[in-house]
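Visitor: Have a peek at start-v4.cif (mmCIF, C-alpha atoms).
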```
data_start
loop_
_atom_site.label_atom_id
_atom_site.label_comp_id
_atom_site.auth_asym_id
_atom_site.auth_seq_id
_atom_site.Cartn_x
_atom_site.Cartn_y
_atom_site.Cartn_z
CA MET U 13 -13.08 14.05 -21.87
CA TRP U 14 -14.92 14.78 -25.17
CA GLU U 15 -14.48 18.54 -24.76
CA GLY U 16 -11.00 18.23 -26.23
CA LEU U 17 -12.57 17.65 -29.67
CA ALA U 18 -14.38 21.02 -29.69
CA ARG U 19 -13.30 23.68 -32.20
CA THR U 20 -15.93 26.37 -31.49
CA GLN U 21 -17.76 27.66 -28.42
CA ARG U 22 -21.01 26.05 -29.57
CA GLN U 23 -19.29 22.67 -30.03
CA ASP U 24 -17.72 23.03 -26.61
CA ARG U 25 -21.12 23.82 -25.05
CA VAL U 26 -22.66 20.67 -26.54
CA LEU U 27 -19.77 18.35 -25.74
CA HIS U 28 -19.24 19.75 -22.26
CA GLY U 29 -22.97 19.38 -21.57
CA ALA U 30 -22.83 15.73 -22.60
CA ALA U 31 -19.78 15.25 -20.38
CA LYS U 32 -21.61 16.76 -17.41
CA VAL U 33 -24.56 14.41 -17.88
CA ALA U 34 -22.19 11.44 -17.97
CA ASN U 35 -20.40 12.78 -14.88
CA ILE U 36 -23.67 13.09 -12.95
CA VAL U 37 -24.79 9.55 -13.84
CA LEU U 38 -21.40 8.13 -12.91
CA GLY U 39 -21.25 10.17 -9.72
CA VAL U 40 -24.65 8.95 -8.51
CA VAL U 41 -23.36 5.40 -8.80
CA LEU U 42 -19.86 5.93 -7.45
CA LEU U 43 -20.46 8.35 -4.55
CA PRO U 44 -22.16 5.82 -2.21
CA LEU U 45 -19.54 3.21 -3.05
CA TRP U 46 -16.76 5.72 -2.34
CA ILE U 47 -18.23 6.68 1.06
CA ILE U 48 -18.56 3.02 2.06
CA GLY U 49 -14.99 2.41 0.90
CA GLN U 50 -13.66 5.24 3.10
CA VAL U 51 -15.45 3.86 6.16
CA VAL U 52 -14.39 0.26 5.63
CA GLY U 53 -10.98 0.92 4.06
CA GLY U 54 -9.26 2.11 7.25
CA ARG U 55 -10.26 -0.98 9.19
CA VAL U 56 -9.17 -3.28 6.38
CA ARG U 57 -5.83 -1.47 6.15
CA ASP U 58 -5.17 -1.89 9.89
CA LEU U 59 -6.02 -5.59 9.66
CA LEU U 60 -3.70 -6.13 6.71
CA VAL U 61 -0.83 -4.30 8.45
CA ALA U 62 -1.24 -6.56 11.50
CA LEU U 63 -1.28 -9.68 9.32
CA GLU U 64 1.83 -8.49 7.48
CA ARG U 65 3.77 -8.15 10.74
CA ARG U 66 2.76 -11.63 11.88
CA GLY U 67 3.58 -13.26 8.53
CA ARG U 68 6.85 -11.46 7.72
CA ARG U 69 9.46 -13.80 6.25
CA GLU U 70 13.23 -13.56 6.26
CA LEU U 71 14.75 -12.43 2.96
CA GLN U 72 16.39 -15.35 1.19
CA VAL U 73 19.86 -15.49 -0.37
CA PRO U 74 20.05 -18.07 -3.19
CA PRO U 75 23.01 -20.47 -3.39
CA GLU U 76 25.95 -19.15 -5.37
CA ARG U 77 26.37 -20.58 -8.85
CA GLU U 78 28.99 -20.15 -11.58
CA ARG U 79 28.69 -16.62 -12.96
CA SER U 80 29.20 -17.25 -16.67
CA MET U 81 26.71 -17.16 -19.55
CA ASP U 82 27.46 -20.76 -20.53
CA ALA U 83 26.72 -22.03 -17.03
CA LEU U 84 23.59 -19.87 -16.84
CA MET U 85 22.23 -21.16 -20.16
CA ARG U 86 22.76 -24.77 -19.05
CA ASP U 87 20.69 -24.07 -15.95
CA LEU U 88 17.97 -22.23 -17.89
CA GLU U 89 17.69 -24.98 -20.50
CA ALA U 90 17.28 -27.53 -17.70
CA ILE U 91 14.10 -25.82 -16.44
CA PRO U 92 11.09 -27.93 -17.57
CA GLU U 93 9.09 -26.00 -20.16
CA HIS U 94 5.68 -26.45 -21.72
CA LEU U 95 5.64 -23.48 -24.08
CA ARG U 96 2.62 -23.98 -26.30
CA HIS U 97 0.73 -21.50 -28.44
CA SER U 98 -2.85 -21.07 -27.23
CA ASP U 99 -5.20 -18.45 -28.65
CA PHE U 100 -7.50 -18.89 -25.66
CA ALA U 101 -4.68 -18.44 -23.12
CA GLU U 102 -3.46 -15.32 -24.92
CA LEU U 103 -6.98 -13.88 -25.06
CA ARG U 104 -7.51 -14.58 -21.37
CA ARG U 105 -4.18 -12.97 -20.52
CA GLY U 106 -4.86 -9.93 -22.70
CA MET U 107 -8.35 -9.37 -21.29
CA ALA U 108 -6.82 -8.48 -17.92
CA ASP U 109 -5.54 -5.24 -19.48
CA ILE U 110 -8.28 -4.45 -22.01
CA SER U 111 -9.82 -1.51 -20.14
CA ASN U 112 -6.38 -0.19 -19.18
CA PHE U 113 -5.39 -0.21 -22.85
CA VAL U 114 -8.36 1.99 -23.74
CA VAL U 115 -7.97 4.47 -20.88
CA ALA U 116 -4.16 4.70 -21.06
CA GLN U 117 -4.24 6.30 -24.51
CA HIS U 118 -5.70 9.49 -23.00
CA ARG U 119 -3.43 11.84 -21.09
CA GLU U 120 -6.05 12.13 -18.35
CA GLY U 121 -5.96 8.35 -17.90
CA ALA U 122 -2.19 8.07 -17.54
CA VAL U 123 -2.37 7.12 -13.86
CA ILE U 124 -5.41 4.87 -14.15
CA GLY U 125 -4.82 1.14 -14.00
CA TYR U 126 -3.87 -1.53 -11.50
CA ARG U 127 -2.39 -0.03 -8.36
CA TYR U 128 0.65 -1.57 -6.71
CA PRO U 129 0.83 -2.87 -3.11
CA ALA U 130 1.45 -0.43 -0.28
CA GLN U 131 5.24 -0.83 -0.37
CA PHE U 132 5.37 0.76 -3.85
CA GLN U 133 5.66 4.54 -3.93
CA ASP U 134 5.61 6.90 -6.91
CA HIS U 135 9.00 8.48 -7.61
CA GLN U 136 10.39 10.99 -10.09
CA PHE U 137 14.04 11.05 -11.09
CA GLU U 138 16.14 13.02 -13.57
CA GLY U 139 16.52 11.13 -16.83
CA ALA U 140 18.44 11.99 -19.99
CA ASP U 141 18.44 15.68 -20.96
CA GLY U 142 17.12 16.58 -17.51
CA GLU U 143 13.63 15.20 -18.21
CA ARG U 144 11.53 14.18 -15.20
CA ILE U 145 10.82 10.44 -15.52
CA ALA U 146 8.38 8.53 -13.30
CA ALA U 147 8.51 5.07 -11.74
CA SER U 148 6.76 3.11 -8.99
CA ILE U 149 9.45 1.86 -6.58
CA ALA U 150 9.36 -0.60 -3.69
CA LEU U 151 12.34 -1.00 -1.34
CA GLN U 152 13.12 -3.82 1.05
CA GLU U 153 14.05 -2.93 4.64
CA ALA U 154 17.59 -4.28 4.11
CA ALA U 155 20.14 -3.65 1.36
CA ARG U 156 19.06 -5.89 -1.54
CA PRO U 157 19.52 -6.30 -5.32
CA GLY U 158 17.31 -4.17 -7.55
CA LEU U 159 15.26 -4.81 -10.70
CA ILE U 160 13.84 -2.34 -13.24
CA VAL U 161 10.77 -3.59 -15.13
CA VAL U 162 9.93 -1.82 -18.41
CA HIS U 163 6.63 -1.99 -20.29
CA GLY U 164 5.90 -2.16 -24.02
CA LEU U 165 4.33 0.14 -26.62
CA PHE U 166 0.99 1.83 -25.79
CA THR U 167 0.98 0.42 -22.26
CA SER U 168 2.41 1.48 -18.89
CA SER U 169 3.70 0.21 -15.58
CA ARG U 170 0.10 -0.13 -14.37
CA PHE U 171 -0.72 -2.97 -16.75
CA ASP U 172 -1.15 -6.45 -15.29
CA TYR U 173 1.63 -8.05 -17.34
CA VAL U 174 4.15 -5.58 -15.88
CA ARG U 175 2.70 -5.56 -12.39
CA GLN U 176 2.88 -9.34 -12.02
CA ILE U 177 6.62 -9.36 -12.73
CA ALA U 178 7.31 -6.42 -10.42
CA VAL U 179 5.24 -7.75 -7.50
CA ARG U 180 6.73 -11.25 -7.76
CA ALA U 181 10.25 -9.84 -7.80
CA TYR U 182 9.54 -7.82 -4.66
CA TYR U 183 7.75 -10.44 -2.57
CA GLU U 184 9.21 -13.72 -3.83
CA TRP U 185 12.76 -12.78 -4.87
CA GLY U 186 13.27 -10.15 -2.17
CA PHE U 187 14.44 -7.52 -4.70
CA ASN U 188 14.02 -3.78 -4.67
CA VAL U 189 11.81 -3.07 -7.69
CA ALA U 190 11.16 -0.10 -9.98
CA ALA U 191 8.31 -0.27 -12.51
CA LEU U 192 9.28 2.40 -15.05
CA ASP U 193 6.98 4.50 -17.24
CA LEU U 194 8.71 5.26 -20.55
CA ARG U 195 8.55 8.61 -22.33
CA SER U 196 5.05 9.32 -23.72
CA PHE U 197 3.44 6.73 -21.43
CA GLY U 198 1.96 6.39 -17.95
CA MET U 199 2.97 8.85 -15.25
CA THR U 200 5.94 10.05 -17.31
CA GLU U 201 3.47 11.48 -19.81
CA LEU U 202 2.41 13.85 -17.01
CA THR U 203 5.89 14.66 -15.70
CA SER U 204 7.66 15.22 -19.05
CA PRO U 205 6.66 16.40 -22.54
CA ALA U 206 9.45 14.31 -24.10
CA PRO U 207 8.10 11.90 -26.77
CA SER U 208 9.22 8.35 -27.46
CA THR U 209 12.43 7.62 -29.38
CA GLY U 210 11.99 3.89 -29.90
CA GLY U 211 14.52 3.05 -27.20
CA TRP U 212 17.36 5.59 -27.68
CA LYS U 213 16.67 8.17 -24.96
CA GLU U 214 14.77 5.52 -23.00
CA GLY U 215 17.98 3.51 -22.64
CA LEU U 216 19.67 6.54 -21.09
CA ASP U 217 16.69 6.99 -18.76
CA ILE U 218 17.10 3.38 -17.61
CA LEU U 219 20.75 4.01 -16.78
CA ALA U 220 19.68 7.08 -14.78
CA LEU U 221 17.08 5.02 -12.93
CA ALA U 222 19.69 2.34 -12.19
CA ARG U 223 21.92 5.01 -10.62
CA TYR U 224 18.93 6.25 -8.61
CA MET U 225 18.19 2.71 -7.40
CA LYS U 226 21.79 2.42 -6.23
CA GLU U 227 21.38 5.69 -4.32
CA LEU U 228 18.29 4.20 -2.65
CA GLY U 229 20.34 1.26 -1.39
CA SER U 230 20.25 -1.42 -4.11
CA THR U 231 23.38 -3.59 -4.05
CA SER U 232 23.11 -4.27 -7.81
CA VAL U 233 20.53 -3.42 -10.48
CA GLY U 234 19.19 -5.46 -13.40
CA ALA U 235 16.65 -4.52 -16.08
CA LEU U 236 13.86 -6.50 -17.74
CA GLY U 237 12.02 -5.04 -20.74
CA ILE U 238 9.28 -6.28 -23.05
CA SER U 239 8.75 -5.10 -26.66
CA LEU U 240 9.51 -1.34 -26.65
CA GLY U 241 10.80 -1.91 -23.13
CA GLY U 242 13.05 -4.61 -24.57
CA SER U 243 14.41 -2.16 -27.13
CA SER U 244 15.02 0.32 -24.31
CA VAL U 245 17.00 -2.05 -22.07
CA VAL U 246 19.06 -3.26 -25.05
CA ASN U 247 19.87 0.38 -25.85
CA ALA U 248 21.30 0.70 -22.33
CA CYS U 249 23.70 -2.26 -22.61
CA ASP U 250 26.88 -0.76 -24.11
CA TYR U 251 27.71 2.47 -22.27
CA ASP U 252 30.80 2.70 -20.10
CA GLU U 253 28.66 3.27 -17.00
CA THR U 254 26.54 0.20 -17.78
CA VAL U 255 29.17 -1.97 -16.06
CA THR U 256 28.43 -0.36 -12.70
CA ALA U 257 24.86 0.89 -13.20
CA LEU U 258 23.30 -2.31 -14.63
CA ASP U 259 25.63 -4.85 -13.05
CA GLY U 260 22.64 -7.10 -12.37
CA GLY U 261 22.23 -8.01 -16.05
CA ILE U 262 19.70 -7.25 -18.80
CA LEU U 263 16.87 -9.45 -20.07
CA ALA U 264 14.83 -8.38 -23.13
CA VAL U 265 11.66 -10.06 -24.40
CA SER U 266 10.82 -9.61 -28.11
CA PRO U 267 12.93 -6.47 -28.62
CA PRO U 268 13.07 -5.07 -32.17
CA ALA U 269 16.60 -5.27 -33.56
CA VAL U 270 15.73 -2.39 -35.89
CA PRO U 271 12.77 -0.42 -34.44
CA LYS U 272 12.03 1.30 -37.74
CA LEU U 273 11.27 -2.10 -39.32
CA ALA U 274 8.88 -2.92 -36.49
CA TRP U 275 7.17 0.47 -36.83
CA GLU U 276 6.86 -0.09 -40.60
CA ARG U 277 5.21 -3.43 -39.94
CA LEU U 278 2.73 -1.80 -37.56
CA SER U 279 1.97 0.85 -40.21
CA GLU U 280 1.26 -1.51 -43.12
CA PRO U 281 -2.31 -2.58 -44.02
CA VAL U 282 -3.40 -5.95 -42.57
CA PRO U 283 -6.16 -8.12 -44.13
CA ARG U 284 -9.14 -8.86 -41.88
CA SER U 285 -8.37 -12.57 -42.10
CA HIS U 286 -4.82 -12.18 -40.73
CA PRO U 287 -4.19 -13.35 -37.11
CA ARG U 288 -2.73 -9.99 -36.11
CA TYR U 289 -5.58 -7.90 -37.54
CA PRO U 290 -7.29 -7.28 -34.14
CA LEU U 291 -4.01 -6.19 -32.54
CA HIS U 292 -3.13 -4.08 -35.57
CA ARG U 293 -6.46 -2.24 -35.32
CA ALA U 294 -6.00 -1.79 -31.58
CA PHE U 295 -2.54 -0.22 -32.09
CA GLU U 296 -3.92 1.99 -34.86
CA ALA U 297 -6.77 3.20 -32.64
CA ALA U 298 -4.35 3.73 -29.74
CA LEU U 299 -2.11 5.95 -31.86
CA ILE U 300 -5.06 8.00 -33.16
CA SER U 301 -6.34 8.47 -29.62
CA ARG U 302 -2.89 9.47 -28.38
CA VAL U 303 -2.45 11.98 -31.22
CA ARG U 304 -5.78 13.63 -30.46
CA SER U 305 -5.27 13.60 -26.70
CA GLY U 306 -1.79 15.12 -27.03
CA ARG U 307 -2.95 17.58 -29.72
CA TRP U 308 -0.22 16.34 -32.05
CA PRO U 309 -0.38 17.14 -35.79
CA PRO U 310 -2.84 14.88 -37.71
CA GLU U 311 0.11 13.53 -39.73
CA ALA U 312 1.27 11.73 -36.58
CA GLU U 313 -1.59 9.25 -36.93
CA ASN U 314 0.84 7.14 -38.96
CA MET U 315 3.40 5.24 -36.84
CA LEU U 316 6.37 6.23 -38.97
CA ARG U 317 5.29 9.86 -39.43
CA ALA U 318 4.86 10.23 -35.65
CA MET U 319 8.61 10.00 -35.20
CA GLU U 320 9.11 12.54 -37.99
CA VAL U 321 6.55 15.17 -36.97
CA VAL U 322 6.61 14.80 -33.15
CA SER U 323 9.86 13.29 -31.85
CA ALA U 324 12.37 14.72 -34.34
CA PRO U 325 11.34 18.39 -33.86
CA PHE U 326 11.32 17.97 -30.05
CA TYR U 327 14.88 16.62 -29.92
CA GLY U 328 16.19 18.84 -32.74
CA VAL U 329 17.50 15.94 -34.82
CA ASP U 330 16.46 14.19 -38.02
CA ALA U 331 14.03 11.28 -37.61
CA GLU U 332 16.53 9.01 -39.32
CA GLU U 333 19.09 9.76 -36.59
CA ILE U 334 16.58 8.67 -33.94
CA TRP U 335 15.90 5.43 -35.80
CA THR U 336 19.62 4.77 -36.17
CA ARG U 337 20.47 5.45 -32.54
CA SER U 338 17.67 3.12 -31.36
CA ARG U 339 18.87 0.11 -33.39
CA GLY U 340 19.60 -2.80 -31.07
CA ILE U 341 22.02 -4.28 -33.59
CA GLU U 342 24.29 -1.29 -32.99
CA HIS U 343 24.39 -1.91 -29.22
CA VAL U 344 24.60 -5.68 -28.63
CA PRO U 345 28.10 -6.14 -30.13
CA ASP U 346 29.57 -4.07 -27.28
CA SER U 347 27.28 -5.08 -24.42
CA LYS U 348 29.17 -4.56 -21.17
CA VAL U 349 26.97 -6.82 -19.00
CA PRO U 350 25.20 -10.19 -19.37
CA LEU U 351 22.35 -9.79 -21.87
CA LEU U 352 19.71 -12.43 -22.61
CA VAL U 353 17.11 -11.97 -25.36
CA LEU U 354 14.00 -14.19 -25.38
CA HIS U 355 12.04 -14.20 -28.67
CA PRO U 356 9.11 -16.52 -29.50
CA GLU U 357 8.88 -17.94 -33.01
CA ASP U 358 5.14 -17.13 -33.15
CA ASP U 359 5.59 -13.39 -32.51
CA HIS U 360 3.47 -11.70 -35.22
CA ILE U 361 4.33 -8.13 -34.15
CA VAL U 362 8.13 -8.16 -33.86
CA LYS U 363 8.97 -11.14 -36.03
CA VAL U 364 11.61 -13.67 -35.05
CA GLU U 365 13.90 -12.30 -37.79
CA HIS U 366 14.74 -9.52 -35.33
CA ALA U 367 16.21 -12.11 -32.96
CA GLN U 368 18.28 -13.51 -35.83
CA MET U 369 19.61 -10.03 -36.62
CA LEU U 370 20.58 -9.51 -32.99
CA ALA U 371 22.30 -12.90 -32.88
CA GLU U 372 24.32 -12.05 -35.98
CA ALA U 373 25.29 -8.66 -34.58
CA ALA U 374 26.31 -10.11 -31.20
CA LYS U 375 28.70 -12.73 -32.60
CA GLY U 376 31.96 -12.55 -30.70
CA ASN U 377 30.43 -11.11 -27.51
CA ASP U 378 30.11 -13.99 -25.07
CA LEU U 379 28.07 -11.87 -22.66
CA VAL U 380 25.10 -11.99 -25.08
CA ARG U 381 22.70 -14.86 -25.71
CA ILE U 382 19.71 -14.89 -28.08
CA TRP U 383 17.19 -17.62 -27.22
CA VAL U 384 14.46 -18.34 -29.78
CA LEU U 385 11.45 -20.00 -28.13
CA PRO U 386 8.73 -22.22 -29.66
CA ALA U 387 5.81 -20.12 -28.38
CA GLY U 388 4.96 -16.98 -26.44
CA SER U 389 3.55 -14.64 -29.10
CA HIS U 390 4.39 -10.95 -28.49
CA GLY U 391 5.03 -10.25 -24.83
CA LEU U 392 2.80 -13.14 -23.73
CA LEU U 393 5.31 -15.71 -22.49
CA GLU U 394 3.30 -16.06 -19.28
CA ALA U 395 0.27 -17.16 -21.32
CA ALA U 396 2.34 -19.93 -22.92
CA ASP U 397 3.95 -21.21 -19.70
CA PRO U 398 3.79 -18.97 -16.61
CA ARG U 399 5.82 -21.24 -14.31
CA TRP U 400 8.69 -21.57 -16.77
CA THR U 401 8.66 -17.86 -17.60
CA HIS U 402 8.98 -16.70 -14.00
CA ALA U 403 11.60 -19.37 -13.25
CA VAL U 404 13.74 -18.11 -16.15
CA TYR U 405 13.37 -14.48 -15.07
CA ARG U 406 14.28 -15.27 -11.47
CA THR U 407 17.19 -17.59 -12.32
CA PHE U 408 18.71 -14.99 -14.65
CA PHE U 409 18.60 -12.06 -12.26
CA GLU U 410 19.57 -14.01 -9.13
CA ARG U 411 22.66 -15.24 -10.98
CA TRP U 412 24.08 -11.73 -11.47
CA ALA U 413 22.69 -10.10 -8.31
CA THR U 414 24.97 -8.84 -5.55
CA TYR U 415 23.80 -9.76 -2.05
CA ALA U 416 25.01 -7.76 0.95
CA GLU U 417 24.78 -10.89 3.10
CA ARG U 418 27.40 -12.62 0.93
CA THR U 419 29.70 -9.58 0.96
CA LEU U 420 29.55 -9.35 4.76
CA GLY U 421 30.31 -13.05 5.04
CA ARG U 422 33.42 -12.76 2.90
CA GLY U 423 34.80 -9.70 4.65
CA ALA U 424 37.76 -8.19 2.85
CA ARG U 425 37.75 -10.84 0.13
CA GLY U 426 34.54 -9.45 -1.38
CA ALA U 427 36.27 -6.72 -3.35
CA ALA U 428 38.38 -9.21 -5.29
CA ASP U 429 35.53 -11.52 -6.34
CA LEU U 430 34.64 -11.77 -10.04
CA VAL U 431 31.30 -10.21 -10.95
CA TYR U 432 30.82 -12.34 -14.06
CA SER U 433 32.93 -14.11 -16.64
CA ALA U 434 32.83 -13.95 -20.41
CA GLU U 435 34.98 -17.05 -20.70
CA LYS U 436 33.40 -20.18 -22.16
CA THR U 437 33.27 -23.30 -20.04
CA GLY U 438 33.15 -26.99 -20.81
#
```
Show me, as structure tokens, the structure contained in the file I just sent.
Guide:
Amino acid sequence: MWEGLARTQRQDRVLHGAAKVANIVLGVVLLPLWIIGQVVGGRVRDLLVALERRGRRELQVPPERERSMDALMRDLEAIPEHLRHSDFAELRRGMADISNFVVAQHREGAVIGYRYPAQFQDHQFEGADGERIAASIALQEAARPGLIVVHGLFTSSRFDYVRQIAVRAYYEWGFNVAALDLRSFGMTELTSPAPSTGGWKEGLDILALARYMKELGSTSVGALGISLGGSSVVNACDYDETVTALDGGILAVSPPAVPKLAWERLSEPVPRSHPRYPLHRAFEAALISRVRSGRWPPEAENMLRAMEVVSAPFYGVDAEEIWTRSRGIEHVPDSKVPLLVLHPEDDHIVKVEHAQMLAEAAKGNDLVRIWVLPAGSHGLLEAADPRWTHAVYRTFFERWATYAERTLGRGARGAADLVYSAEKTG
């Protein structure tokens, strides 16, 4: 708590005393509620288990459709959309995570947030460089496709905007799901000291998680990332093993084409009258809190300097090498699997110019599509049109998923079937 600010024994005595008073007050309120919860919780759990058994539904297999990007885009563009910018809708959507945002910037609060349903269990797996990376994973009882969901900057898998995607994919799509915590965030902050690299090492971690999901029984694995998570999944698109590890496709929402440019934008002064001023101040406060909680050098309180004074020394490379390796424009030209980027025009954090840079870089690779949308702000597509957003997500990943039921039905022919086609149609 506050004790981490102390520099002398006297300061520690004062701050620790204040923390104890706060702990007593909070404990007096919470203890009775906790005792009641323990008494009632067991009965509620038993009731919910019984209801689950009675209401269990058969896992669905969607109809097969043409597995090409042209055919997919025709289907996606046919989905009715009502994407409209709404400050009220964005505020309402953001409020669901406001307390999580505050608590998540402290190491002690890394695991605090919205819990997942009972089917989700906390896992650790070996990521790049042998680092222990954490994820919440839910597995179906049968062999099913898998999905990795990746959060954005200064958030974690326990935020509502991540949880909603993960839970829908598990219950409605019938997918195995992994909600990943990136380096420096969430549970991974407790399992590994490795700091963020803007998507470089994170992309390798995603490939490692995809392999792990295959070991757990997933028939194929796709990845969906938002903001920093979008940068991370894009960074995973062009390795040789991507073809087999992420054969379920990649979807990125508002990924920075050049992370250093996005970090520079977050570091620049913003006038009070500017629409992104509140978010800018929130990011600034989050970084300061994270620096103090992690006992990083004070120079790291600047977004750009954090990479220089924290990440570069840890990995033993120059900061400029990290920025270069994390550039999405270096990866999309050689994407080995279907890759769809969604980027709203009204994104004030990672501006739409990043989508244009990715589109220019991806020319000639028919497995890549960049779709600029009329609204959705930064990572808030669900606030603009939740029904359309989830329909697009589901349509994309079901198109590239491998279903064991189909393979069994085909028998020996399954091995010769085409996974996806880069050829244009029509």
Visitor: So which residues get picked by the PyMOL selection byres ((chain U and resi 152) around 8) here, written as an NGL selection string?
Guide: :U and (150-151 or 153-156 or 182 or 186-188)
Visitor: Keeping only C-alpha atoms, take the residues you just selected and write them out as a PDB file, keeping the file's coordinate frame.
Guide:
```
ATOM      1  CA  ALA U 150       9.360  -0.600  -3.690  1.00  0.00           C
ATOM      2  CA  LEU U 151      12.340  -1.000  -1.340  1.00  0.00           C
ATOM      3  CA  GLU U 153      14.050  -2.930   4.640  1.00  0.00           C
ATOM      4  CA  ALA U 154      17.590  -4.280   4.110  1.00  0.00           C
ATOM      5  CA  ALA U 155      20.140  -3.650   1.360  1.00  0.00           C
ATOM      6  CA  ARG U 156      19.060  -5.890  -1.540  1.00  0.00           C
ATOM      7  CA  TYR U 182       9.540  -7.820  -4.660  1.00  0.00           C
ATOM      8  CA  GLY U 186      13.270 -10.150  -2.170  1.00  0.00           C
ATOM      9  CA  PHE U 187      14.440  -7.520  -4.700  1.00  0.00           C
ATOM     10  CA  ASN U 188      14.020  -3.780  -4.670  1.00  0.00           C
TER      11      ASN U 188
END
```
Visitor: Going by the chain IDs and residue numbers used in this file, which residues fall under the PyMOL selection byres ((chain U and resi 160) around 7)? Write them as a list in words.
Guide: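 In the shown coordinates, the PyMOL selection byres ((chain U and resi 160) around 7) covers Gly158, Leu159, Val161, Val162, Val189, Ala190, Ala191, Leu192, Gly234, Ala235 and Leu236 of chain U.
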Visitor: What residues have an atom no more than 7 Å from (15.6, -13.5, -0.8) in the file's own frame, counting all atoms listed in the file, and can you write them as a PyMOL selection string?
Guide: chain U and resi 71-74+185-186
Visitor: Measuring atom to atom with only C-alpha atoms, identify which of U:Cys249, U:Phe197, U:Ser204, U:Pro283 is nearest to Leu219 of chain U.
Guide: U:Cys249
Visitor: Of the candidates U:Val255, U:Val41, U:Val174, U:Leu291, which one gets nearest to Ala108 of chain U if we count only C-alpha atoms?
Guide: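 Of U:Val255, U:Val41, U:Val174, U:Leu291, the one nearest Ala108 of chain U is U:Val174, counting only C-alpha atoms.
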Visitor: Carefully work through the PyMOL selection byres ((chain U and resi 207) around 6) for this structure and note down the residues it includes, as a ChimeraX atom specification.
Guide: /U:195-196,206,208,323
Visitor: Skipping near chain neighbours, those fewer than 2 positions away, what residues fall within 10 Å of Ser232 of chain U using all atoms listed in the file, listed as a ChimeraX atom specification?
Guide: /U:155-159,187-188,222-223,225-226,229-230,234,256-261,412-416
Visitor: List the spatial neighbours of Ala274 of chain U as number ranges by chain - criterion: any atom at most 6 Å away, all atoms listed in the file, same-chain residues fewer than 3 positions off excluded.
Guide: U: 271, 277, 362
Visitor: Pick out the closest residue to Ile238 of chain U from this set: U:Gly142, U:Gly391, U:Gly54, U:Gly376. Count only C-alpha atoms.
Guide: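 Smallest distance to Ile238 of chain U is found for U:Gly391.
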Visitor: Just give me the gap between atom CA of Asp250 of chain U and atom CA of Pro205 of chain U in Å, one decimal is fine.
Guide: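 Distance reported for this atom pair: 26.6 Å.
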Visitor: Would you write out, as a Markdown table, a table of all residues in segment 191-289 of chain U that have an atom no more than 10 Å from an atom of segment 378-383 of chain U, listing for each the closest atom pair and the distance in Å to one decimal, considering only C-alpha atoms and ordering rows by chain and rising residue number?
Guide:
```
| residue | atom | partner | partner_atom | distance |
| --- | --- | --- | --- | --- |
| U:Gly261 | CA | U:Leu379 | CA | 9.6 |
| U:Ile262 | CA | U:Val380 | CA | 9.5 |
| U:Leu263 | CA | U:Arg381 | CA | 9.8 |
| U:Ala264 | CA | U:Ile382 | CA | 9.5 |
| U:Val265 | CA | U:Trp383 | CA | 9.8 |
```
Visitor: Mind checking which residues fall within 6 Å of segment 118-126 of chain U, counting only C-alpha atoms, ignoring those fewer than 3 positions away in the same chain, and posting them as JSON, numbers by chain?
Guide: {"U": [112, 115, 170, 198, 199, 305]}
Visitor: Restrict the selected residues to C-alpha atoms and save them as a PDB file, in the frame of the given file.
Guide:
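For reference, out16.pdb as written:
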```
ATOM      1  CA  ASN U 112      -6.380  -0.190 -19.180  1.00  0.00           C
ATOM      2  CA  VAL U 115      -7.970   4.470 -20.880  1.00  0.00           C
ATOM      3  CA  ARG U 170       0.100  -0.130 -14.370  1.00  0.00           C
ATOM      4  CA  GLY U 198       1.960   6.390 -17.950  1.00  0.00           C
ATOM      5  CA  MET U 199       2.970   8.850 -15.250  1.00  0.00           C
ATOM      6  CA  SER U 305      -5.270  13.600 -26.700  1.00  0.00           C
TER       7      SER U 305
END
```
Visitor: Considering only C-alpha atoms, state which residue in the set U:Ala318, U:Ile334, U:Leu273, U:Leu393 is at the smallest distance from His366 of chain U.
Guide: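 For His366 of chain U, the nearest of the given residues is U:Leu273.
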Visitor: What is the distance, in Å and to one decimal place, between atom CA of Ala220 of chain U and atom CA of Phe137 of chain U?
Guide: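 Separation of atom CA of Ala220 of chain U and atom CA of Phe137 of chain U: 7.8 Å.
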Visitor: Using atom CA of Met81 of chain U and atom CA of Arg399 of chain U as the two end points, give the distance in Å to one decimal.
Guide: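 These two atoms are separated by 21.9 Å.
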Visitor: Using all atoms listed in the file, pick whichever of U:Gln368, U:Val321, U:Glu138, U:Ile177 has the shortest atom-to-atom distance to His163 of chain U.
Guide: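 Once distances to His163 of chain U are computed over all atoms listed in the file, the minimum belongs to U:Ile177.
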Visitor: Using only C-alpha atoms, can you list as number ranges by chain the residues within 6 Å of (6.6, 10.3, -13.0)?
Guide: U: 136, 145-147, 199-200, 203
